[in-house]
$ cat my_file-v3.txt   # compact mmCIF, C-alpha atoms
# COMPACT_ATOMS: atom_id res chain seq x y z
CA MET A 1 -94.46 -19.01 -39.94
CA THR A 2 -97.98 -19.37 -38.61
CA SER A 3 -100.69 -16.86 -39.53
CA MET A 4 -101.61 -14.15 -37.08
CA PHE A 5 -104.13 -15.03 -34.40
CA ARG A 6 -104.71 -13.69 -30.93
CA PRO A 7 -102.39 -15.85 -28.80
CA ALA A 8 -103.84 -18.23 -26.25
CA PRO A 9 -102.19 -18.21 -22.82
CA LEU A 10 -99.08 -20.41 -22.79
CA ALA A 11 -100.48 -22.75 -20.13
CA LEU A 12 -103.59 -23.41 -22.24
CA THR A 13 -101.46 -24.04 -25.32
CA ILE A 14 -99.35 -26.59 -23.47
CA THR A 15 -102.40 -28.31 -21.98
CA ALA A 16 -104.02 -28.59 -25.39
CA LEU A 17 -100.87 -30.02 -26.94
CA LEU A 18 -100.54 -32.57 -24.15
CA THR A 19 -103.85 -34.17 -25.12
CA ALA A 20 -102.10 -35.47 -28.21
CA GLY A 21 -99.40 -37.17 -26.15
CA CYS A 22 -99.41 -40.54 -24.43
CA ALA A 23 -101.21 -40.92 -21.14
CA ASN A 24 -99.13 -42.23 -18.24
CA THR A 25 -100.61 -44.31 -15.47
CA PRO A 26 -98.76 -43.88 -12.19
CA TRP A 27 -97.08 -47.06 -11.00
CA SER A 28 -98.13 -48.14 -7.54
CA ALA A 29 -95.51 -48.80 -4.89
CA GLU A 30 -97.96 -51.40 -3.58
CA SER A 31 -97.45 -53.51 -6.72
CA PRO A 32 -97.03 -57.20 -5.74
CA SER A 33 -94.20 -57.60 -8.26
CA PRO A 34 -90.84 -56.36 -6.94
CA ALA A 35 -88.76 -54.17 -9.20
CA THR A 36 -86.25 -55.94 -11.42
CA LYS A 37 -83.39 -54.50 -13.42
CA ALA A 38 -85.35 -55.14 -16.62
CA SER A 39 -88.48 -53.39 -15.32
CA VAL A 40 -86.40 -50.45 -14.08
CA VAL A 41 -84.71 -50.02 -17.47
CA SER A 42 -88.07 -50.21 -19.23
CA HIS A 43 -89.48 -47.53 -16.95
CA TYR A 44 -86.36 -45.41 -17.51
CA ALA A 45 -87.34 -45.40 -21.19
CA ASP A 46 -90.87 -44.35 -20.16
CA LEU A 47 -89.42 -41.43 -18.20
CA ALA A 48 -87.27 -40.35 -21.14
CA HIS A 49 -90.21 -40.58 -23.54
CA ALA A 50 -92.49 -38.48 -21.31
CA ASN A 51 -89.75 -35.93 -20.63
CA TYR A 52 -88.88 -35.50 -24.31
CA GLN A 53 -92.58 -35.27 -25.16
CA ASP A 54 -92.82 -32.32 -22.77
CA ALA A 55 -89.71 -30.74 -24.27
CA LEU A 56 -91.33 -31.07 -27.70
CA ILE A 57 -94.68 -29.71 -26.52
CA THR A 58 -93.08 -26.63 -24.98
CA ALA A 59 -90.80 -26.15 -28.01
CA ARG A 60 -93.89 -26.12 -30.25
CA ALA A 61 -95.42 -23.49 -27.98
CA LEU A 62 -92.15 -21.50 -28.27
CA ASP A 63 -92.22 -21.86 -32.07
CA GLU A 64 -95.79 -20.54 -32.19
CA ALA A 65 -94.92 -17.64 -29.86
CA THR A 66 -91.91 -16.59 -31.95
CA ASP A 67 -94.02 -16.81 -35.12
CA ARG A 68 -96.45 -14.34 -33.56
CA LEU A 69 -93.56 -12.07 -32.60
CA ILE A 70 -92.17 -12.11 -36.14
CA ALA A 71 -95.58 -11.43 -37.68
CA ASN A 72 -96.47 -8.71 -35.17
CA PRO A 73 -93.47 -7.34 -33.21
CA THR A 74 -95.04 -5.88 -30.08
CA GLU A 75 -93.75 -5.73 -26.52
CA ALA A 76 -96.48 -8.16 -25.47
CA ASN A 77 -95.48 -10.69 -28.13
CA LEU A 78 -91.79 -10.38 -27.25
CA ARG A 79 -92.63 -10.99 -23.58
CA ALA A 80 -94.78 -13.99 -24.53
CA ALA A 81 -91.95 -15.45 -26.63
CA LYS A 82 -89.53 -15.02 -23.73
CA ASP A 83 -91.99 -16.69 -21.35
CA ALA A 84 -92.36 -19.57 -23.80
CA TRP A 85 -88.57 -19.96 -23.94
CA LEU A 86 -88.35 -20.03 -20.14
CA ALA A 87 -91.15 -22.61 -19.97
CA ALA A 88 -89.40 -24.78 -22.58
CA ARG A 89 -86.23 -24.90 -20.49
CA VAL A 90 -88.01 -26.61 -17.57
CA PRO A 91 -88.57 -30.00 -19.23
CA TYR A 92 -85.53 -29.87 -21.49
CA GLN A 93 -83.04 -29.36 -18.66
CA GLN A 94 -84.48 -32.43 -16.93
CA THR A 95 -83.69 -34.52 -20.04
CA GLU A 96 -79.95 -33.89 -19.80
CA VAL A 97 -79.53 -36.84 -17.44
CA PHE A 98 -80.31 -39.07 -20.46
CA ARG A 99 -77.41 -37.57 -22.40
CA PHE A 100 -74.59 -39.27 -20.53
CA GLY A 101 -74.44 -43.01 -21.21
CA ASN A 102 -76.76 -42.86 -24.21
CA ALA A 103 -74.57 -42.01 -27.21
CA ILE A 104 -77.60 -41.34 -29.42
CA VAL A 105 -78.52 -38.45 -27.12
CA ASP A 106 -74.99 -37.14 -26.58
CA ASP A 107 -74.26 -37.07 -30.32
CA TRP A 108 -77.51 -35.14 -30.93
CA GLU A 109 -77.55 -32.81 -27.93
CA GLY A 110 -75.01 -30.27 -29.15
CA GLN A 111 -77.37 -29.01 -31.85
CA LEU A 112 -79.90 -28.11 -29.14
CA ASN A 113 -77.98 -26.97 -26.09
CA ALA A 114 -74.36 -26.14 -26.99
CA TRP A 115 -72.80 -23.29 -24.97
CA PRO A 116 -71.02 -20.97 -24.45
CA LEU A 117 -71.50 -19.45 -27.89
CA ASP A 118 -69.87 -16.55 -29.68
CA GLU A 119 -73.08 -14.70 -30.45
CA GLY A 120 -71.43 -12.42 -33.00
CA LEU A 121 -71.61 -15.36 -35.39
CA ILE A 122 -75.39 -14.86 -35.45
CA ASP A 123 -76.13 -11.13 -35.08
CA TYR A 124 -74.76 -7.74 -34.12
CA VAL A 125 -72.85 -7.35 -30.87
CA LYS A 126 -71.47 -4.41 -28.92
CA ALA A 127 -67.87 -4.48 -30.13
CA ASP A 128 -66.21 -2.77 -27.15
CA ASP A 129 -67.50 -5.30 -24.60
CA TYR A 130 -67.64 -8.48 -26.64
CA GLN A 131 -65.74 -11.42 -25.18
CA HIS A 132 -65.27 -14.36 -27.51
CA GLU A 133 -63.04 -17.36 -28.07
CA LEU A 134 -59.56 -16.20 -29.08
CA GLY A 135 -58.74 -16.99 -32.68
CA ASN A 136 -62.33 -17.77 -33.64
CA GLY A 137 -62.72 -16.51 -37.20
CA GLY A 138 -66.50 -16.77 -36.97
CA ALA A 139 -66.89 -14.74 -33.79
CA THR A 140 -68.07 -11.64 -35.69
CA ALA A 141 -69.36 -13.21 -38.91
CA ASN A 142 -72.89 -11.85 -38.29
CA ILE A 143 -74.92 -14.23 -40.45
CA ILE A 144 -78.03 -12.04 -40.15
CA ALA A 145 -76.29 -9.00 -41.67
CA ASN A 146 -74.67 -10.88 -44.55
CA THR A 147 -75.62 -13.14 -47.45
CA SER A 148 -72.20 -14.81 -47.37
CA VAL A 149 -69.70 -15.39 -44.57
CA ASN A 150 -66.02 -16.25 -44.69
CA VAL A 151 -64.64 -18.33 -41.83
CA GLY A 152 -61.22 -19.92 -41.94
CA GLY A 153 -60.80 -19.05 -45.60
CA GLU A 154 -64.06 -20.76 -46.58
CA THR A 155 -66.83 -18.59 -48.04
CA LEU A 156 -70.36 -19.84 -47.49
CA ASP A 157 -73.60 -18.67 -49.07
CA VAL A 158 -76.11 -17.83 -46.30
CA THR A 159 -78.61 -15.99 -48.47
CA THR A 160 -81.51 -18.29 -47.61
CA LEU A 161 -81.77 -19.08 -43.90
CA THR A 162 -83.12 -22.61 -43.53
CA PRO A 163 -82.99 -25.07 -40.63
CA GLY A 164 -80.58 -27.27 -42.58
CA LEU A 165 -78.22 -24.40 -43.37
CA LEU A 166 -78.10 -23.28 -39.74
CA ALA A 167 -77.35 -26.83 -38.59
CA ASP A 168 -74.47 -27.00 -41.07
CA LEU A 169 -73.00 -23.79 -39.64
CA ASN A 170 -72.47 -25.26 -36.18
CA GLU A 171 -68.75 -25.39 -35.30
CA ILE A 172 -67.86 -23.71 -38.59
CA GLY A 173 -64.13 -23.13 -38.81
CA GLY A 174 -63.53 -25.84 -36.22
CA SER A 175 -64.60 -23.72 -33.24
CA GLU A 176 -67.05 -25.16 -30.71
CA ALA A 177 -68.01 -21.56 -29.85
CA ASN A 178 -69.61 -21.19 -33.29
CA VAL A 179 -73.12 -22.24 -32.29
CA ALA A 180 -75.81 -21.35 -34.81
CA THR A 181 -78.73 -23.39 -33.45
CA GLY A 182 -80.50 -24.52 -30.30
CA TYR A 183 -82.00 -23.01 -27.19
CA HIS A 184 -79.16 -20.53 -26.63
CA ALA A 185 -79.29 -19.18 -30.17
CA VAL A 186 -83.02 -18.56 -29.64
CA GLU A 187 -82.27 -17.04 -26.23
CA PHE A 188 -79.83 -14.56 -27.79
CA LEU A 189 -82.31 -13.64 -30.52
CA LEU A 190 -84.96 -12.88 -27.88
CA TRP A 191 -82.87 -11.17 -25.18
CA GLY A 192 -79.76 -9.96 -26.97
CA GLN A 193 -76.43 -9.55 -25.21
CA ASP A 194 -76.38 -9.19 -21.44
CA LEU A 195 -74.16 -6.12 -21.05
CA ASN A 196 -74.57 -5.85 -17.28
CA GLY A 197 -71.44 -7.79 -16.33
CA PHE A 198 -71.67 -8.78 -12.67
CA GLU A 199 -74.51 -6.34 -12.05
CA HIS A 200 -78.12 -7.48 -11.96
CA GLY A 201 -79.94 -7.46 -15.29
CA ALA A 202 -80.44 -9.58 -18.41
CA GLY A 203 -80.22 -8.74 -22.11
CA GLU A 204 -82.47 -5.94 -23.37
CA ARG A 205 -83.00 -6.53 -27.09
CA PRO A 206 -85.59 -4.02 -28.36
CA VAL A 207 -88.69 -5.46 -29.98
CA THR A 208 -88.03 -3.08 -32.87
CA ASP A 209 -85.20 -5.41 -33.89
CA TYR A 210 -88.06 -7.35 -35.54
CA ALA A 211 -89.92 -4.36 -36.97
CA VAL A 212 -89.92 -4.23 -40.77
CA GLY A 213 -89.62 -0.78 -42.33
CA ALA A 214 -88.81 2.58 -40.83
CA GLU A 215 -89.12 1.36 -37.21
CA CYS A 216 -86.45 -1.34 -37.66
CA THR A 217 -83.51 -0.98 -35.26
CA ASN A 218 -80.00 -2.33 -35.78
CA GLY A 219 -80.74 -3.30 -39.37
CA ASN A 220 -81.70 -6.56 -41.07
CA CYS A 221 -84.94 -6.96 -39.13
CA GLU A 222 -86.59 -9.15 -41.75
CA ARG A 223 -83.58 -11.51 -41.87
CA ARG A 224 -83.50 -11.59 -38.07
CA GLY A 225 -87.07 -12.85 -38.16
CA GLU A 226 -86.16 -15.40 -40.83
CA TYR A 227 -83.32 -16.66 -38.64
CA LEU A 228 -85.56 -16.91 -35.57
CA ASP A 229 -88.18 -18.76 -37.61
CA ALA A 230 -85.65 -21.27 -38.99
CA VAL A 231 -83.91 -21.93 -35.67
CA THR A 232 -87.15 -22.59 -33.77
CA ASP A 233 -88.42 -24.86 -36.57
CA LEU A 234 -85.19 -26.86 -36.28
CA LEU A 235 -85.59 -27.12 -32.50
CA VAL A 236 -89.04 -28.66 -32.95
CA SER A 237 -87.95 -31.14 -35.62
CA ASP A 238 -84.92 -32.22 -33.58
CA LEU A 239 -87.06 -32.90 -30.51
CA ASP A 240 -89.68 -34.68 -32.59
CA TRP A 241 -86.96 -37.08 -33.76
CA MET A 242 -85.78 -37.77 -30.20
CA VAL A 243 -89.33 -38.43 -28.96
CA ALA A 244 -89.61 -41.11 -31.64
CA GLN A 245 -86.37 -42.72 -30.44
CA TRP A 246 -87.91 -43.38 -27.00
CA ALA A 247 -91.45 -44.21 -28.11
CA PRO A 248 -92.90 -47.58 -27.05
CA GLY A 249 -94.17 -50.07 -29.58
CA ALA A 250 -91.43 -49.63 -32.20
CA THR A 251 -88.92 -52.31 -33.12
CA ASP A 252 -86.30 -50.15 -34.78
CA ASN A 253 -85.73 -47.21 -32.42
CA TYR A 254 -83.31 -46.61 -29.56
CA ARG A 255 -85.78 -47.70 -26.90
CA ALA A 256 -86.15 -51.12 -28.53
CA GLN A 257 -82.36 -51.47 -28.63
CA LEU A 258 -81.96 -50.42 -25.00
CA THR A 259 -84.65 -52.68 -23.57
CA ALA A 260 -83.52 -55.69 -25.65
CA ALA A 261 -79.96 -55.49 -24.29
CA ASP A 262 -78.73 -56.97 -21.02
CA ALA A 263 -80.52 -55.09 -18.23
CA ASN A 264 -77.19 -54.54 -16.44
CA GLU A 265 -76.12 -52.37 -19.37
CA GLY A 266 -79.24 -50.24 -18.97
CA VAL A 267 -78.73 -49.86 -15.22
CA GLN A 268 -75.12 -48.85 -15.85
CA LYS A 269 -76.28 -46.17 -18.32
CA MET A 270 -78.76 -44.82 -15.77
CA LEU A 271 -76.20 -44.51 -12.98
CA PHE A 272 -73.47 -43.21 -15.29
CA GLY A 273 -75.87 -40.54 -16.54
CA MET A 274 -76.75 -39.50 -12.99
CA GLY A 275 -73.13 -39.42 -11.83
CA SER A 276 -71.71 -37.65 -14.87
CA LEU A 277 -74.32 -34.89 -14.95
CA SER A 278 -74.01 -34.48 -11.18
CA LEU A 279 -70.20 -34.33 -11.05
CA GLY A 280 -68.41 -33.34 -14.24
CA GLU A 281 -71.13 -31.34 -15.97
CA LEU A 282 -73.27 -29.57 -13.36
CA ALA A 283 -70.89 -29.30 -10.40
CA GLY A 284 -67.87 -28.90 -12.68
CA GLU A 285 -68.39 -27.29 -16.07
CA ARG A 286 -71.51 -25.30 -15.19
CA MET A 287 -70.68 -24.11 -11.68
CA LYS A 288 -67.08 -24.68 -10.57
CA VAL A 289 -65.53 -23.29 -13.76
CA ALA A 290 -67.64 -20.13 -13.67
CA LEU A 291 -67.09 -19.59 -9.94
CA GLU A 292 -63.32 -20.15 -9.92
CA ALA A 293 -62.80 -17.98 -13.00
CA ASN A 294 -65.36 -15.35 -11.87
CA SER A 295 -66.58 -15.58 -15.46
CA TYR A 296 -70.10 -14.58 -16.42
CA GLU A 297 -69.20 -15.70 -19.95
CA ASP A 298 -69.35 -19.26 -18.55
CA GLU A 299 -72.89 -18.77 -17.27
CA HIS A 300 -75.22 -21.33 -18.86
CA ASP A 301 -78.28 -19.18 -19.72
CA CYS A 302 -76.23 -16.00 -19.95
CA PHE A 303 -78.54 -13.79 -22.06
CA SER A 304 -81.70 -14.33 -20.01
CA ASP A 305 -80.18 -14.73 -16.52
CA ASN A 306 -82.09 -18.01 -16.19
CA THR A 307 -79.06 -20.07 -15.14
CA HIS A 308 -80.41 -20.81 -11.67
CA ASN A 309 -83.38 -22.60 -13.24
CA SER A 310 -81.25 -24.54 -15.69
CA HIS A 311 -79.10 -25.79 -12.80
CA TYR A 312 -82.13 -26.57 -10.65
CA TYR A 313 -83.86 -28.65 -13.31
CA ASN A 314 -80.63 -30.49 -14.16
CA GLY A 315 -80.59 -31.56 -10.52
CA LYS A 316 -84.24 -32.52 -10.70
CA GLY A 317 -83.52 -34.73 -13.70
CA ILE A 318 -80.90 -36.65 -11.69
CA GLN A 319 -83.39 -37.19 -8.86
CA ASN A 320 -86.09 -38.24 -11.33
CA VAL A 321 -84.01 -41.12 -12.67
CA TYR A 322 -83.18 -42.46 -9.22
CA THR A 323 -86.74 -42.27 -7.89
CA GLY A 324 -88.43 -43.31 -11.16
CA THR A 325 -90.71 -40.25 -11.09
CA TYR A 326 -91.27 -37.29 -13.39
CA ARG A 327 -93.79 -34.47 -12.98
CA ARG A 328 -95.10 -33.56 -16.42
CA VAL A 329 -95.83 -30.02 -17.54
CA ASP A 330 -99.57 -30.69 -17.20
CA GLY A 331 -99.07 -31.66 -13.54
CA SER A 332 -99.51 -35.42 -13.99
CA LEU A 333 -96.98 -37.77 -12.39
CA VAL A 334 -95.14 -40.54 -14.21
CA SER A 335 -93.88 -43.17 -11.76
CA GLY A 336 -92.65 -46.75 -11.87
CA PRO A 337 -89.95 -49.24 -10.86
CA SER A 338 -86.82 -47.36 -9.93
CA LEU A 339 -83.15 -47.60 -9.06
CA SER A 340 -84.22 -46.64 -5.55
CA ASP A 341 -86.36 -49.78 -5.42
CA LEU A 342 -83.41 -51.94 -6.50
CA VAL A 343 -80.98 -50.43 -3.98
CA GLN A 344 -83.58 -50.61 -1.21
CA GLN A 345 -83.86 -54.37 -1.78
CA THR A 346 -80.15 -54.92 -1.11
CA ASP A 347 -79.06 -52.00 1.07
CA PRO A 348 -81.87 -49.97 2.64
CA GLU A 349 -79.44 -47.70 4.48
CA LEU A 350 -77.64 -46.74 1.26
CA ASP A 351 -80.95 -46.09 -0.48
CA ALA A 352 -82.13 -43.85 2.37
CA ARG A 353 -78.81 -41.98 2.38
CA LEU A 354 -78.80 -41.40 -1.38
CA ASN A 355 -82.40 -40.20 -1.31
CA ARG A 356 -81.47 -37.78 1.48
CA GLN A 357 -78.48 -36.54 -0.50
CA LEU A 358 -80.61 -35.98 -3.59
CA GLU A 359 -83.01 -33.95 -1.46
CA THR A 360 -80.08 -32.01 -0.01
CA SER A 361 -78.76 -31.14 -3.46
CA MET A 362 -82.23 -30.04 -4.54
CA GLU A 363 -82.43 -27.84 -1.42
CA ALA A 364 -79.04 -26.30 -2.27
CA LEU A 365 -80.07 -25.70 -5.89
CA GLY A 366 -83.42 -24.46 -4.61
CA LEU A 367 -81.64 -21.88 -2.47
CA MET A 368 -79.81 -20.68 -5.59
CA LYS A 369 -83.13 -20.47 -7.42
CA ALA A 370 -84.92 -18.68 -4.56
CA ARG A 371 -82.09 -16.17 -4.12
CA ALA A 372 -82.09 -15.40 -7.85
CA GLU A 373 -85.85 -14.92 -7.88
CA SER A 374 -86.10 -12.85 -4.69
CA SER A 375 -88.58 -10.04 -5.16
CA SER A 376 -86.69 -7.62 -2.91
CA ASN A 377 -83.01 -8.21 -3.66
CA PRO A 378 -82.44 -10.79 -6.40
CA MET A 379 -78.99 -12.29 -6.87
CA THR A 380 -78.72 -14.15 -10.16
CA PHE A 381 -75.96 -16.65 -10.92
CA ASP A 382 -73.77 -14.15 -12.78
CA THR A 383 -73.86 -11.94 -9.68
CA MET A 384 -73.21 -14.86 -7.32
CA ILE A 385 -69.92 -15.64 -9.07
CA ALA A 386 -68.65 -12.04 -8.96
CA PRO A 387 -65.28 -11.48 -7.27
CA GLY A 388 -65.70 -10.82 -3.57
CA ASN A 389 -69.32 -11.98 -3.36
CA ALA A 390 -69.03 -14.14 -0.25
CA GLU A 391 -72.74 -14.95 -0.02
CA GLY A 392 -72.95 -15.93 -3.67
CA SER A 393 -69.82 -18.06 -3.40
CA ARG A 394 -71.29 -19.90 -0.38
CA ILE A 395 -74.51 -20.61 -2.28
CA VAL A 396 -72.74 -21.94 -5.38
CA ASN A 397 -70.17 -23.91 -3.38
CA GLY A 398 -72.97 -25.40 -1.27
CA ALA A 399 -74.63 -26.76 -4.40
CA ILE A 400 -71.32 -28.06 -5.76
CA MET A 401 -70.49 -29.91 -2.55
CA ALA A 402 -73.97 -31.44 -2.33
CA LEU A 403 -73.63 -32.75 -5.90
CA VAL A 404 -70.17 -34.15 -5.18
CA ALA A 405 -71.47 -35.95 -2.08
CA GLN A 406 -74.38 -37.56 -3.90
CA THR A 407 -72.07 -38.71 -6.70
CA GLY A 408 -70.08 -40.76 -4.19
CA SER A 409 -73.26 -42.55 -3.16
CA ILE A 410 -74.29 -43.03 -6.80
CA GLU A 411 -70.99 -44.86 -7.33
CA GLU A 412 -71.64 -46.92 -4.19
CA ALA A 413 -75.12 -47.79 -5.47
CA ALA A 414 -73.57 -48.96 -8.73
CA ARG A 415 -71.26 -51.34 -6.86
CA ASP A 416 -74.20 -52.51 -4.79
CA LEU A 417 -76.01 -53.44 -8.01
CA GLY A 418 -73.02 -55.30 -9.43
CA ILE A 419 -71.49 -52.53 -11.55
CA GLU A 420 -67.87 -52.31 -10.47
CA ALA A 421 -66.46 -49.58 -12.75
CA LEU A 422 -69.00 -46.78 -13.07
CA SER A 423 -66.36 -44.02 -13.39
CA PRO A 424 -68.72 -41.07 -13.91
CA ASP A 425 -67.27 -38.30 -16.03
CA ASP A 426 -65.62 -35.64 -13.85
CA ALA A 427 -64.67 -33.50 -16.90
CA GLY A 428 -61.14 -33.30 -15.57
CA HIS A 429 -62.11 -31.46 -12.39
CA ALA A 430 -60.66 -32.17 -8.97
CA PHE A 431 -63.17 -31.66 -6.18
$ encode --input "my_file-v3.txt" --output "structure tokens"
Amino acid sequence: MTSMFRPAPLALTITALLTAGCANTPWSAESPSPATKASVVSHYADLAHANYQDALITARALDEATDRLIANPTEANLRAAKDAWLAARVPYQQTEVFRFGNAIVDDWEGQLNAWPLDEGLIDYVKADDYQHELGNGGATANIIANTSVNVGGETLDVTTLTPGLLADLNEIGGSEANVATGYHAVEFLLWGQDLNGFEHGAGERPVTDYAVGAECTNGNCERRGEYLDAVTDLLVSDLDWMVAQWAPGATDNYRAQLTAADANEGVQKMLFGMGSLSLGELAGERMKVALEANSYEDEHDCFSDNTHNSHYYNGKGIQNVYTGTYRRVDGSLVSGPSLSDLVQQTDPELDARLNRQLETSMEALGLMKARAESSSNPMTFDTMIAPGNAEGSRIVNGAIMALVAQTGSIEEAARDLGIEALSPDDAGHAF
């Protein structure tokens, strides 16, 4: 943990950290050289690198904020840690478009963003309203309260909570709901369970859950701090590794492999990533499943009620890849040769239509975001999906349909660029 200092405002921390990153010079649309598949794939790697840099920068700010909370558990420090978590979600959710099509990202991503999770694996839960995966032997293991846990007949020593140990506990007992690391584990440790059901309101973990001594609530406060420290340290190291995979100038990282391959392969990865996140993941797993089942347990950011933002920035990531642009957390714009440029060269009408559809989906996701953040009568995602909520259902279905429509044009763009079998992942959903 870091030593105790008076915290700088989060925005200043992020700005200072950005000075250590790579500068990005906006690409001019007036460039005399037309976009090529090779230049578009190279710029795609630039977008990924910048986006993961921002995810790392904001994760470091989160790590520092949680260190301050652990060292000095005050309401102000808990609020600052929550704000840092919310800020970290903005760039990370935009990176998810790089997951599909790039196996190196997909194989790594579960340690950072797996959900839903059975939170009783990590800490105390309210037993009479705790929904978890049936048959999951780790659903109430409560690592924080114990120095050993037994899951599926296997007893594990968890006396010393380290990043490596927590990583090894993921999917313990063979259950995907046993998630010990990543953004959602941190979210649970900051907010606690959301016990409001379909009513408005997020988790309300007391700051005294981190108080050492007589003021400690719910027991094991020192170990809870040790867990939070280890899980945020792991988040930073994982993101640091992924930044290096996309960094320019290396000969042995993923970027070098991607840009050395046939450019058609890179373009296929870009479009497959857009289509799969748009259709199977965002429209399907993250919205349709929750809406049809009226299940707040299937809400993405379920402890903090931040799901509307996670969905919005997933959509933004899809648009970023098509347009070749990314707005960094310091406000600077990364831009360059894009898929839009390539499609415009061969079918201007299709390019215009797909750009309109991307804007339409962002408007639909923006409506979800605005409704959730309304100052007078907020309606968060878990409330939108409640049985009988006609307005909420219209908002969620509007976003789903917009994403489905743009996916059809993404597939058409793939054919236009010579990729005949895009087959974006629909996660088994019929739309």
$ residues_around --input "my_file-v3.txt" --residues "Asp209 of chain A" --least-positions-apart "3" --cutoff "7 Å" --atoms "all atoms listed in the file" --output "ChimeraX atom specification"
/A:206,216-218,221
$ atom_distance --input "my_file-v3.txt" --atom1 "atom CA of Leu417 of chain A" --atom2 "atom CA of Asn253 of chain A"
27.0 Å
$ closest_residue --input "my_file-v3.txt" --among "A:Met270, A:Val97, A:Ala427, A:Leu47" --to "Glu285 of chain A" --atoms "all atoms listed in the file"
A:Ala427
$ closest_residue --input "my_file-v3.txt" --among "A:Arg356, A:Arg286, A:Arg68, A:Arg371" --to "Leu228 of chain A" --atoms "all atoms listed in the file"
A:Arg68
$ closest_residue --input "my_file-v3.txt" --among "A:Val329, A:Leu112, A:Leu165, A:Ile318" --to "Ile57 of chain A" --atoms "all atoms listed in the file"
A:Val329
$ closest_residue --input "my_file-v3.txt" --among "A:Ala71, A:Gln94, A:Gly101, A:Leu367" --to "Ser423 of chain A" --atoms "only C-alpha atoms"
A:Gly101
$ residues_near_point --input "my_file-v3.txt" --point "(-88.4, -8.9, -42.5)" --cutoff "12 Å" --atoms "only C-alpha atoms" --output "JSON, numbers by chain"
{"A": [69, 70, 71, 72, 73, 144, 208, 209, 210, 211, 212, 213, 214, 215, 216, 217, 219, 220, 221, 222, 223, 224, 225, 226, 227, 228, 229]}
$ atom_distance --input "my_file-v3.txt" --atom1 "atom CA of Asp238 of chain A" --atom2 "atom CA of Asn264 of chain A"
29.2 Å
$ residues_near_point --input "my_file-v3.txt" --point "(-74.1, -38.8, -16.6)" --cutoff "10 Å" --atoms "all atoms listed in the file" --output "PyMOL selection string"
chain A and resi 96-102+269-282+318+423-426
